[in-house]
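The next block is run34.cif, given as mmCIF, C-alpha atoms and all ligand atoms.
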data_model
loop_
_atom_site.label_atom_id
_atom_site.label_comp_id
_atom_site.auth_asym_id
_atom_site.auth_seq_id
_atom_site.Cartn_x
_atom_site.Cartn_y
_atom_site.Cartn_z
CA MET A 133 19.06 13.29 -20.50
CA THR A 134 20.82 14.85 -23.41
CA ASN A 135 18.66 13.75 -26.28
CA GLN A 136 15.15 12.63 -26.98
CA THR A 137 15.91 8.96 -27.29
CA HIS A 138 17.82 8.70 -24.03
CA ARG A 139 15.66 6.18 -22.24
CA ALA A 140 15.93 5.36 -18.56
CA TYR A 141 16.13 1.75 -17.42
CA ASN A 142 12.49 1.92 -16.40
CA PHE A 143 11.35 -0.78 -13.98
CA ASN A 144 8.29 1.13 -12.75
CA ALA A 145 5.37 -0.97 -11.51
CA GLY A 146 2.68 1.24 -13.06
CA PRO A 147 2.28 3.40 -14.94
CA ALA A 148 5.07 1.56 -16.65
CA GLY A 149 7.31 1.98 -19.67
CA LEU A 150 5.88 1.82 -23.17
CA PRO A 151 7.71 0.47 -26.20
CA LEU A 152 9.90 3.21 -27.69
CA ALA A 153 8.62 2.33 -31.17
CA VAL A 154 5.07 3.00 -29.99
CA LEU A 155 5.97 6.37 -28.48
CA GLU A 156 7.77 7.37 -31.66
CA LYS A 157 4.85 6.33 -33.82
CA ALA A 158 2.49 8.38 -31.62
CA GLN A 159 4.89 11.29 -31.81
CA ALA A 160 5.06 11.11 -35.60
CA GLU A 161 1.29 11.28 -35.97
CA PHE A 162 0.64 13.46 -32.94
CA THR A 163 -0.46 16.63 -34.71
CA ASN A 164 -1.93 15.11 -37.86
CA PHE A 165 -3.51 11.69 -37.46
CA GLN A 166 -4.34 9.96 -40.74
CA ASN A 167 -4.28 13.27 -42.61
CA ALA A 168 -7.23 14.58 -40.62
CA GLY A 169 -5.33 17.77 -39.83
CA MET A 170 -5.66 17.09 -36.13
CA SER A 171 -4.56 14.77 -33.35
CA VAL A 172 -6.65 11.70 -32.51
CA MET A 173 -7.35 13.55 -29.23
CA GLU A 174 -9.02 16.39 -31.05
CA MET A 175 -11.47 14.49 -33.21
CA SER A 176 -14.98 13.31 -32.62
CA HIS A 177 -15.27 9.87 -31.09
CA ARG A 178 -18.14 9.38 -33.55
CA SER A 179 -15.86 9.95 -36.54
CA ALA A 180 -15.07 7.12 -38.93
CA ILE A 181 -11.36 7.44 -38.14
CA TYR A 182 -11.86 6.98 -34.41
CA GLU A 183 -14.37 4.21 -34.89
CA GLN A 184 -11.71 2.38 -36.86
CA VAL A 185 -9.19 2.82 -34.01
CA ASN A 186 -11.73 1.47 -31.53
CA ASN A 187 -12.77 -1.51 -33.67
CA GLU A 188 -9.24 -2.42 -34.65
CA CYS A 189 -8.25 -2.34 -31.00
CA GLU A 190 -10.88 -4.96 -30.17
CA GLN A 191 -9.94 -7.10 -33.18
CA LEU A 192 -6.23 -7.03 -32.37
CA LEU A 193 -6.87 -7.90 -28.74
CA MET A 194 -8.96 -10.92 -29.70
CA GLU A 195 -6.48 -11.98 -32.35
CA LEU A 196 -3.54 -11.83 -29.94
CA LEU A 197 -5.50 -13.79 -27.34
CA GLY A 198 -6.55 -16.37 -29.92
CA VAL A 199 -10.26 -15.74 -29.37
CA GLU A 200 -12.42 -16.38 -32.41
CA LYS A 201 -15.90 -15.96 -31.02
CA GLY A 202 -18.02 -15.90 -27.90
CA TYR A 203 -16.32 -12.91 -26.27
CA GLN A 204 -16.19 -9.18 -26.73
CA ALA A 205 -13.78 -6.53 -25.54
CA LEU A 206 -14.96 -3.36 -23.83
CA PHE A 207 -12.90 -0.23 -23.23
CA VAL A 208 -14.07 1.51 -20.10
CA GLN A 209 -12.79 4.05 -17.58
CA GLY A 210 -12.24 4.14 -13.85
CA GLY A 211 -9.29 1.76 -13.74
CA ALA A 212 -9.22 -1.78 -12.49
CA SER A 213 -10.40 -0.35 -9.17
CA THR A 214 -13.81 0.44 -10.69
CA GLN A 215 -14.01 -3.16 -11.94
CA PHE A 216 -13.68 -4.24 -8.29
CA ALA A 217 -17.17 -2.73 -7.85
CA MET A 218 -18.65 -3.36 -11.29
CA VAL A 219 -18.11 -7.12 -11.06
CA PRO A 220 -20.24 -7.65 -7.94
CA MET A 221 -22.76 -4.97 -8.96
CA ASN A 222 -23.44 -6.81 -12.19
CA PHE A 223 -23.02 -10.45 -11.16
CA LEU A 224 -23.65 -10.90 -7.43
CA ARG A 225 -27.38 -11.61 -6.99
CA PRO A 226 -29.32 -12.20 -3.77
CA GLY A 227 -29.05 -15.83 -2.68
CA LYS A 228 -25.64 -16.18 -4.30
CA VAL A 229 -22.20 -15.82 -2.86
CA ALA A 230 -19.14 -14.34 -4.56
CA ASN A 231 -16.03 -16.49 -4.22
CA TYR A 232 -12.75 -14.61 -4.00
CA VAL A 233 -9.21 -15.85 -3.75
CA MET A 234 -7.30 -13.85 -1.18
CA THR A 235 -3.82 -13.58 -2.63
CA GLY A 236 -2.66 -10.17 -1.48
CA ALA A 237 -3.17 -6.44 -1.65
CA TRP A 238 -5.10 -6.24 -4.91
CA ALA A 239 -7.33 -9.21 -4.15
CA GLU A 240 -8.13 -7.62 -0.80
CA LYS A 241 -9.26 -4.41 -2.47
CA ALA A 242 -11.50 -6.37 -4.82
CA ILE A 243 -12.99 -8.24 -1.84
CA GLN A 244 -13.66 -5.04 0.10
CA GLU A 245 -15.72 -3.71 -2.78
CA ALA A 246 -17.64 -6.96 -3.27
CA ARG A 247 -18.65 -6.98 0.41
CA LEU A 248 -20.53 -3.73 -0.24
CA PHE A 249 -22.89 -5.58 -2.55
CA GLY A 250 -23.45 -9.03 -1.12
CA ASP A 251 -22.06 -12.19 0.43
CA VAL A 252 -18.44 -13.05 -0.09
CA ALA A 253 -16.66 -16.30 0.72
CA LEU A 254 -12.99 -16.99 0.25
CA ALA A 255 -12.34 -19.86 -2.17
CA ALA A 256 -8.75 -19.82 -0.96
CA ASP A 257 -6.79 -17.67 1.48
CA LEU A 258 -3.02 -17.41 1.21
CA VAL A 259 -2.52 -15.24 4.29
CA ALA A 260 -0.71 -18.08 6.10
CA ASP A 261 1.91 -18.01 3.34
CA ASN A 262 2.23 -14.24 3.59
CA TYR A 263 0.81 -14.06 0.05
CA MET A 264 4.11 -15.31 -1.28
CA ARG A 265 2.53 -18.02 -3.42
CA MET A 266 -0.59 -18.68 -5.47
CA PRO A 267 -3.01 -21.54 -4.74
CA LYS A 268 -2.99 -24.64 -6.90
CA PRO A 269 -6.25 -25.51 -8.66
CA THR A 270 -6.81 -28.29 -6.10
CA GLU A 271 -6.81 -25.77 -3.24
CA PHE A 272 -9.93 -23.98 -4.46
CA ASN A 273 -13.06 -24.31 -2.38
CA ILE A 274 -15.99 -23.22 -4.53
CA SER A 275 -19.36 -22.56 -2.88
CA GLU A 276 -22.39 -24.46 -4.09
CA ASN A 277 -24.24 -21.23 -4.84
CA ALA A 278 -21.24 -19.32 -6.17
CA ALA A 279 -22.05 -16.39 -8.47
CA TYR A 280 -18.48 -16.35 -9.73
CA VAL A 281 -14.91 -17.02 -8.66
CA HIS A 282 -12.56 -14.04 -8.70
CA ILE A 283 -8.79 -14.32 -8.90
CA THR A 284 -5.91 -11.87 -9.26
CA SER A 285 -3.66 -13.50 -11.84
CA ASN A 286 -0.58 -11.57 -10.79
CA GLU A 287 -0.15 -9.83 -7.44
CA THR A 288 1.87 -6.81 -8.49
CA ILE A 289 3.06 -5.98 -4.96
CA SER A 290 4.14 -9.38 -3.60
CA GLY A 291 5.36 -10.68 -6.96
CA ALA A 292 3.34 -13.92 -6.99
CA GLN A 293 1.71 -15.08 -10.23
CA PHE A 294 -0.69 -17.88 -11.09
CA LYS A 295 0.99 -20.53 -13.24
CA GLU A 296 -2.10 -22.69 -13.61
CA PHE A 297 -5.69 -21.48 -13.59
CA PRO A 298 -8.45 -23.49 -11.92
CA ASP A 299 -11.30 -25.10 -13.81
CA THR A 300 -14.40 -23.64 -12.19
CA GLY A 301 -16.92 -25.57 -14.29
CA ASN A 302 -20.18 -23.69 -14.76
CA VAL A 303 -19.21 -20.97 -12.32
CA PRO A 304 -17.71 -18.02 -14.24
CA LEU A 305 -14.06 -17.42 -13.50
CA ILE A 306 -13.27 -13.70 -13.32
CA ALA A 307 -9.70 -12.45 -13.32
CA ASP A 308 -8.00 -9.19 -12.56
CA MET A 309 -5.10 -9.41 -15.04
CA SER A 310 -3.99 -5.79 -14.69
CA SER A 311 -0.32 -6.63 -14.32
CA ASP A 312 0.13 -9.63 -16.59
CA ILE A 313 -2.41 -9.38 -19.39
CA LEU A 314 -0.88 -10.21 -22.80
CA SER A 315 2.40 -11.23 -21.20
CA LYS A 316 1.89 -14.85 -22.26
CA PRO A 317 -0.68 -16.96 -24.11
CA ILE A 318 -3.69 -17.90 -21.97
CA ASP A 319 -6.74 -20.07 -22.56
CA VAL A 320 -9.45 -17.40 -22.53
CA SER A 321 -12.17 -20.08 -22.67
CA LYS A 322 -11.50 -20.78 -18.97
CA PHE A 323 -12.73 -17.29 -18.09
CA GLY A 324 -16.08 -15.56 -17.98
CA LEU A 325 -14.51 -12.12 -17.64
CA ILE A 326 -11.02 -10.67 -17.63
CA TYR A 327 -10.19 -7.08 -16.78
CA ALA A 328 -7.05 -5.00 -16.72
CA GLY A 329 -6.12 -1.37 -16.21
CA ALA A 330 -3.99 -0.53 -19.24
CA GLN A 331 -1.11 1.23 -17.55
CA LYS A 332 1.06 -1.79 -16.81
CA ASN A 333 1.15 -3.96 -19.88
CA LEU A 334 -1.20 -2.42 -22.43
CA GLY A 335 -0.70 1.31 -22.76
CA PRO A 336 -1.17 4.49 -20.76
CA SER A 337 -3.57 4.92 -17.85
CA GLY A 338 -7.09 6.08 -18.57
CA VAL A 339 -8.56 3.00 -20.18
CA THR A 340 -9.48 -0.35 -18.68
CA VAL A 341 -9.89 -3.38 -20.89
CA VAL A 342 -12.70 -5.83 -20.15
CA ILE A 343 -13.02 -9.12 -22.02
CA ILE A 344 -16.42 -10.60 -21.37
CA ARG A 345 -18.08 -13.83 -22.48
CA ASP A 346 -21.27 -13.15 -24.42
CA ASP A 347 -23.58 -15.14 -22.12
CA LEU A 348 -22.56 -13.04 -19.11
CA LEU A 349 -24.18 -10.04 -20.80
CA GLU A 350 -27.62 -11.64 -20.60
CA ASP A 351 -30.12 -10.72 -17.86
CA LEU A 352 -27.91 -8.20 -16.10
CA PRO A 353 -29.57 -6.00 -13.47
CA LYS A 354 -30.80 -2.63 -14.73
CA ASN A 355 -31.03 -0.87 -11.37
CA ILE A 356 -27.39 0.15 -11.27
CA PRO A 357 -25.82 3.36 -12.59
CA THR A 358 -25.66 3.41 -16.38
CA MET A 359 -21.90 3.77 -16.65
CA LEU A 360 -21.39 0.76 -14.37
CA ARG A 361 -23.42 -1.62 -16.53
CA TYR A 362 -21.47 -3.94 -18.80
CA GLY A 363 -24.53 -4.23 -21.04
CA ILE A 364 -24.49 -0.51 -21.85
CA HIS A 365 -20.84 -0.56 -22.89
CA SER A 366 -21.42 -3.69 -24.94
CA LYS A 367 -24.50 -2.40 -26.71
CA ASN A 368 -22.70 0.83 -27.58
CA LYS A 369 -19.41 -0.82 -28.59
CA SER A 370 -17.58 1.10 -25.85
CA LEU A 371 -18.86 4.40 -27.24
CA TYR A 372 -21.78 5.10 -24.90
CA ASN A 373 -20.11 8.30 -23.76
CA THR A 374 -16.85 10.01 -24.68
CA PRO A 375 -14.19 7.31 -24.43
CA PRO A 376 -10.58 7.92 -23.33
CA SER A 377 -9.74 8.12 -27.01
CA PHE A 378 -6.04 8.87 -26.77
CA SER A 379 -5.51 5.95 -24.37
CA VAL A 380 -7.44 3.59 -26.64
CA TYR A 381 -5.33 4.78 -29.58
CA MET A 382 -2.16 4.08 -27.60
CA VAL A 383 -3.40 0.59 -26.66
CA ASN A 384 -4.07 0.03 -30.36
CA LEU A 385 -0.43 0.90 -31.14
CA VAL A 386 0.85 -1.37 -28.35
CA LEU A 387 -1.23 -4.25 -29.72
CA LYS A 388 0.22 -3.72 -33.20
CA TRP A 389 3.69 -3.70 -31.67
CA LEU A 390 2.94 -6.97 -29.84
CA LYS A 391 1.86 -8.55 -33.09
CA GLU A 392 5.09 -7.40 -34.74
CA GLN A 393 7.02 -8.98 -31.89
CA GLY A 394 5.57 -12.33 -32.93
CA GLY A 395 2.51 -12.45 -30.68
CA LEU A 396 2.12 -13.73 -27.15
CA ALA A 397 4.20 -16.91 -27.43
CA ALA A 398 7.21 -14.93 -28.59
CA VAL A 399 6.61 -12.22 -26.00
CA ASN A 400 6.35 -14.84 -23.27
CA GLN A 401 9.67 -16.33 -24.31
CA ARG A 402 11.33 -12.96 -24.04
CA ASN A 403 9.64 -12.28 -20.70
CA GLU A 404 11.01 -15.58 -19.36
CA GLN A 405 14.45 -14.74 -20.60
CA LYS A 406 14.31 -11.27 -19.03
CA ALA A 407 13.03 -12.45 -15.65
CA HIS A 408 15.49 -15.33 -15.47
CA LEU A 409 18.42 -12.99 -15.91
CA ILE A 410 17.42 -11.39 -12.62
CA TYR A 411 16.16 -14.46 -10.75
CA ASP A 412 19.44 -16.20 -11.61
CA VAL A 413 21.42 -13.43 -9.94
CA ILE A 414 19.18 -13.75 -6.87
CA ASP A 415 19.48 -17.55 -6.73
CA ASN A 416 23.24 -17.57 -7.27
CA SER A 417 23.97 -14.81 -4.78
CA GLY A 418 24.52 -17.15 -1.83
CA GLY A 419 21.82 -15.37 0.17
CA PHE A 420 22.94 -11.80 -0.56
CA TYR A 421 19.69 -11.35 -2.49
CA ASN A 422 16.57 -13.21 -1.40
CA GLY A 423 13.59 -13.69 -3.67
CA CYS A 424 10.27 -12.99 -1.93
CA ALA A 425 7.76 -15.18 -3.77
CA HIS A 426 7.98 -18.98 -3.64
CA VAL A 427 9.90 -20.27 -6.65
CA ASP A 428 6.90 -22.00 -8.24
CA SER A 429 4.77 -18.83 -7.99
CA ARG A 430 7.41 -16.35 -9.05
CA SER A 431 6.05 -13.59 -11.23
CA LEU A 432 7.61 -12.93 -14.62
CA MET A 433 6.29 -9.38 -14.37
CA ASN A 434 7.19 -8.19 -10.86
CA ILE A 435 10.40 -9.58 -9.42
CA THR A 436 10.46 -8.95 -5.68
CA PHE A 437 13.55 -9.44 -3.56
CA ARG A 438 15.18 -8.38 -0.34
CA LEU A 439 18.66 -7.81 1.03
CA GLN A 440 19.78 -8.66 4.54
CA SER A 441 18.93 -5.25 6.01
CA GLU A 442 16.76 -2.28 5.20
CA GLU A 443 19.91 -0.18 5.23
CA LEU A 444 21.41 -2.25 2.46
CA GLU A 445 18.13 -2.06 0.55
CA LYS A 446 18.20 1.72 0.83
CA ALA A 447 21.77 1.75 -0.40
CA PHE A 448 20.77 -0.49 -3.32
CA ALA A 449 17.86 1.78 -4.25
CA LYS A 450 20.05 4.86 -4.11
CA ALA A 451 22.96 3.37 -6.05
CA SER A 452 20.57 2.01 -8.67
CA GLU A 453 19.07 5.46 -9.20
CA GLN A 454 22.52 6.93 -9.64
CA ALA A 455 23.24 4.25 -12.22
CA GLY A 456 20.18 5.22 -14.26
CA PHE A 457 17.63 2.68 -13.01
CA VAL A 458 14.12 3.84 -12.13
CA GLY A 459 11.43 2.20 -10.02
CA LEU A 460 13.34 -0.51 -8.13
CA LYS A 461 12.02 0.35 -4.66
CA GLY A 462 9.41 -2.14 -3.44
CA HIS A 463 5.83 -1.00 -2.84
CA ARG A 464 5.65 1.24 0.22
CA SER A 465 3.38 -1.26 2.01
CA VAL A 466 5.92 -4.12 1.94
CA GLY A 467 9.33 -2.52 1.43
CA GLY A 468 12.17 -4.45 -0.17
CA LEU A 469 12.93 -4.16 -3.85
CA ARG A 470 10.98 -4.85 -6.98
CA ALA A 471 11.84 -4.91 -10.65
CA SER A 472 8.78 -4.79 -12.89
CA THR A 473 9.69 -6.39 -16.19
CA TYR A 474 6.54 -5.87 -18.25
CA ASN A 475 6.38 -6.55 -21.99
CA ALA A 476 7.81 -3.16 -22.93
CA VAL A 477 10.93 -3.47 -20.76
CA PRO A 478 13.74 -4.29 -23.19
CA LEU A 479 16.09 -7.22 -22.66
CA GLU A 480 19.00 -4.76 -22.51
CA ALA A 481 17.49 -3.09 -19.44
CA CYS A 482 17.35 -6.47 -17.69
CA GLN A 483 20.92 -7.25 -18.72
CA ALA A 484 22.00 -3.90 -17.31
CA LEU A 485 20.16 -4.65 -14.06
CA ARG A 486 21.77 -8.07 -13.83
CA ASP A 487 25.20 -6.46 -14.22
CA PHE A 488 24.35 -3.79 -11.67
CA MET A 489 23.19 -6.40 -9.15
CA LEU A 490 26.34 -8.48 -9.59
CA ASP A 491 28.45 -5.39 -9.16
CA PHE A 492 26.51 -4.18 -6.11
CA GLN A 493 27.05 -7.56 -4.46
CA LYS A 494 30.77 -7.41 -5.20
CA GLN A 495 30.99 -3.98 -3.57
CA ASN A 496 28.78 -4.81 -0.57
CA GLY A 497 28.84 -8.59 -0.13
C1 LIG B 1 -2.42 -1.65 -10.52
C2 LIG B 1 -3.39 -2.72 -10.22
C3 LIG B 1 -4.74 -2.43 -9.94
C4 LIG B 1 -5.26 -1.02 -9.85
O1 LIG B 1 -5.46 -0.51 -11.09
P1 LIG B 1 -6.10 0.96 -11.30
O2 LIG B 1 -6.24 0.98 -12.79
O3 LIG B 1 -5.12 1.93 -10.76
O4 LIG B 1 -7.39 1.01 -10.59
C5 LIG B 1 -5.59 -3.49 -9.72
N1 LIG B 1 -5.17 -4.76 -9.76
C6 LIG B 1 -3.88 -5.07 -10.02
C7 LIG B 1 -3.46 -6.50 -10.05
C8 LIG B 1 -2.97 -4.06 -10.26
O5 LIG B 1 -1.68 -4.35 -10.51
#
Transcribe the structure of this file into structure tokens.
Ligand SMILES: *Cc1c(COP(=O)(O)O)cnc(C)c1O
Amino acid sequence: MTNQTHRAYNFNAGPAGLPLAVLEKAQAEFTNFQNAGMSVMEMSHRSAIYEQVNNECEQLLMELLGVEKGYQALFVQGGASTQFAMVPMNFLRPGKVANYVMTGAWAEKAIQEARLFGDVALAADLVADNYMRMPKPTEFNISENAAYVHITSNETISGAQFKEFPDTGNVPLIADMSSDILSKPIDVSKFGLIYAGAQKNLGPSGVTVVIIRDDLLEDLPKNIPTMLRYGIHSKNKSLYNTPPSFSVYMVNLVLKWLKEQGGLAAVNQRNEQKAHLIYDVIDNSGGFYNGCAHVDSRSLMNITFRLQSEELEKAFAKASEQAGFVGLKGHRSVGGLRASTYNAVPLEACQALRDFMLDFQKQNG
């Protein structure tokens, strides 16, 4: 690390890399934001300057997602993990059942929280497939009295990603998109609510983005803690209490960067290109590398793979670190290897990883 712009090949799963241009922009205005004589961190969240950051953030998010009306964005705290509880607290009423799709570690955490508040039924359970694929829309079993259907669009640990979302009719579809939000265009109109912790694809940790359909804000229960009520955050435009202002500011910069990249269609194209560089090495390795997720559920964000032995995987992890790669060890609960190729990971990092993988196979195959 000899100079400031030396950047590691960062394949961390979360918190994850941010675009260099965003970090440099933040650095340039770090001590004097918009000539206020102070950092955005040091100013009142009731100031006109911060209000503009907050409002612009919502506008950019909607613009990138192609949403014109009917939804609003909220910026809240507590991570996606707090959404696991807020969703059932706000939407699971007596006499109703919450439908969850059991697709892996993150879905399971969401389910555990929902069970604290009411009845839960699994609309699909992928345990028999070891969570290595996502269910097709036809595999969903929705209860007659379903309050909502909850999915995890991308299972960050197993590396399985939904390619097609179900049509749940009048039952609101709720998605945890923490690890693939804004990685590709989606049809927001299929969803009642989308949430995502920012630290994978949107910015730094500290802020959680919630996109909620207007009608879901009606008739929400009032006997739950103030900070856990969507209605409060909506009514106060995400400024009920002191927001994580620096994180929101960083998300704002990331959204501007995404727009400069050509928006979600262009970003998706690049994400496909990046992921395919690595999946191609896996598929052409003659079994030296083995992809974990089923081919038709393979994540473009978290590429999971194994080698023939744990010893070889350890050697791979070690050699990759020596070569300047960061974050390639799989999640501690599943082992193996994982390359997280979120929006901010540059193509060159994926090309370097491809070359490293080819070379490692040559040396060890
Ligand atoms: C990382 C992650 C979470 C947890 O997010 P926190 O913000 O740390 O609570 C939840 N769901 C998915 C899919 C994730 O990848």
message: Around ligand LIG 1 (chain B), out to 9 Å and counting only C-alpha atoms and all ligand atoms, which residues are there? I want them as a ChimeraX atom specification.
response: /A:145-147,209-216,237-239,241-242,284-289,308-312,327-332,337-340
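Within the 12 Å cut-off around Asn277 (chain A), using only C-alpha atoms and omitting residues fewer than 6 positions from it on the same chain, the listed residues are Leu224, Arg225, Pro226, Gly227, Lys228, Val229, Ala230, Asn231, Asp251, Val252, Ala253, Asn302, Val303 and Pro304 of chain A.
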task: Place a sphere of radius 9 Å on (3.1, -7.7, -28.6) in the file coordinates and name every protein, DNA or RNA residue with an atom inside or on its surface, counting only C-alpha atoms; give the answer as an MDAnalysis selection string.
output: chainID A and resid 196 314:315 386:396 398:399 475:476
For those residues, write C-alpha atoms to a file as an mmCIF file, in the coordinates of the input.
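Listing of out-v5.cif after writing:
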data_model
loop_
_atom_site.group_PDB
_atom_site.id
_atom_site.type_symbol
_atom_site.label_atom_id
_atom_site.label_comp_id
_atom_site.auth_asym_id
_atom_site.auth_seq_id
_atom_site.Cartn_x
_atom_site.Cartn_y
_atom_site.Cartn_z
ATOM 1 C CA LEU A 196 -3.540 -11.830 -29.940
ATOM 2 C CA LEU A 314 -0.880 -10.210 -22.800
ATOM 3 C CA SER A 315 2.400 -11.230 -21.200
ATOM 4 C CA VAL A 386 0.850 -1.370 -28.350
ATOM 5 C CA LEU A 387 -1.230 -4.250 -29.720
ATOM 6 C CA LYS A 388 0.220 -3.720 -33.200
ATOM 7 C CA TRP A 389 3.690 -3.700 -31.670
ATOM 8 C CA LEU A 390 2.940 -6.970 -29.840
ATOM 9 C CA LYS A 391 1.860 -8.550 -33.090
ATOM 10 C CA GLU A 392 5.090 -7.400 -34.740
ATOM 11 C CA GLN A 393 7.020 -8.980 -31.890
ATOM 12 C CA GLY A 394 5.570 -12.330 -32.930
ATOM 13 C CA GLY A 395 2.510 -12.450 -30.680
ATOM 14 C CA LEU A 396 2.120 -13.730 -27.150
ATOM 15 C CA ALA A 398 7.210 -14.930 -28.590
ATOM 16 C CA VAL A 399 6.610 -12.220 -26.000
ATOM 17 C CA ASN A 475 6.380 -6.550 -21.990
ATOM 18 C CA ALA A 476 7.810 -3.160 -22.930
#
Test item: which residues lie within 9 Å of (20.2, -10.8, -14.0) counting all atoms listed in the file, as a PyMOL selection string: chain A and resi 406-414+482-490
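Between CA of Ser441 (chain A) and CA of Asn262 (chain A) the separation is 19.1 Å.
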Could you list, as a PDB file with C-alpha atoms, in the coordinates of the input, every residue within 8 Å of Pro220 (chain A), counting only C-alpha atoms and ignoring same-chain residues fewer than 5 positions away?
ATOM      1  CA  ALA A 230     -19.140 -14.340  -4.560  1.00  0.00           C
ATOM      2  CA  GLU A 245     -15.720  -3.710  -2.780  1.00  0.00           C
ATOM      3  CA  ALA A 246     -17.640  -6.960  -3.270  1.00  0.00           C
ATOM      4  CA  PHE A 249     -22.890  -5.580  -2.550  1.00  0.00           C
ATOM      5  CA  GLY A 250     -23.450  -9.030  -1.120  1.00  0.00           C
TER       6      GLY A 250
END
query: Do you know which residues are at most 12 Å from Leu348 (chain A) counting only C-alpha atoms, after dropping those on the same chain fewer than 6 positions away, and could you put them as a list in words?
result: Gly202, Tyr203, Gln204, Val219, Asn222, Phe223, Leu224, Ala279, Tyr280, Asn302, Val303, Pro304, Leu305, Ile306, Phe323, Gly324, Leu325, Ile326, Arg361, Tyr362, Gly363 and Ser366 of chain A
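Atom pair CA of Tyr232 (chain A) / CA of Ala255 (chain A): separated by 5.6 Å.
CA of Gly459 (chain A) is positioned 6.5 Å from CA of Asn142 (chain A).
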- prompt: So which residues touch Cys189 (chain A) within 8 Å, counting all atoms listed in the file, skipping near sequence neighbours fewer than 2 positions away, as a list in words?
  reply: Val185, Asn186, Asn187, Gln191, Leu192, Leu193, Val380, Tyr381, Val383, Asn384 and Leu387 of chain A
Please return the centre and edge lengths, in Å to one decimal, of a box with edges along x, y and z that contains all listed atoms of region 234-242 of chain A, widened by 8 Å on every side, as AutoDock Vina command-line options.
--center_x -7.1 --center_y -9.1 --center_z -2.9 --size_x 24.8 --size_y 25.4 --size_z 20.1
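Proximity to region 168-184 of chain A at 9 Å, evaluated using all atoms listed in the file and with sequence-adjacent residues fewer than 6 positions away removed, yields Glu161, Phe162, Leu371, Asn373, Thr374, Pro375, Pro376, Ser377, Phe378 and Tyr381 of chain A.
When all atoms listed in the file are used to measure the gap to Thr473 (chain A), the shortest distance among A:His138, A:Arg247, A:His426, A:Arg402 belongs to A:Arg402.
In terms of minimum interatomic distance to Ser370 (chain A), A:Val342 ranks closest within A:Val342, A:Leu254, A:Arg438, A:Ala455, counting all atoms listed in the file.
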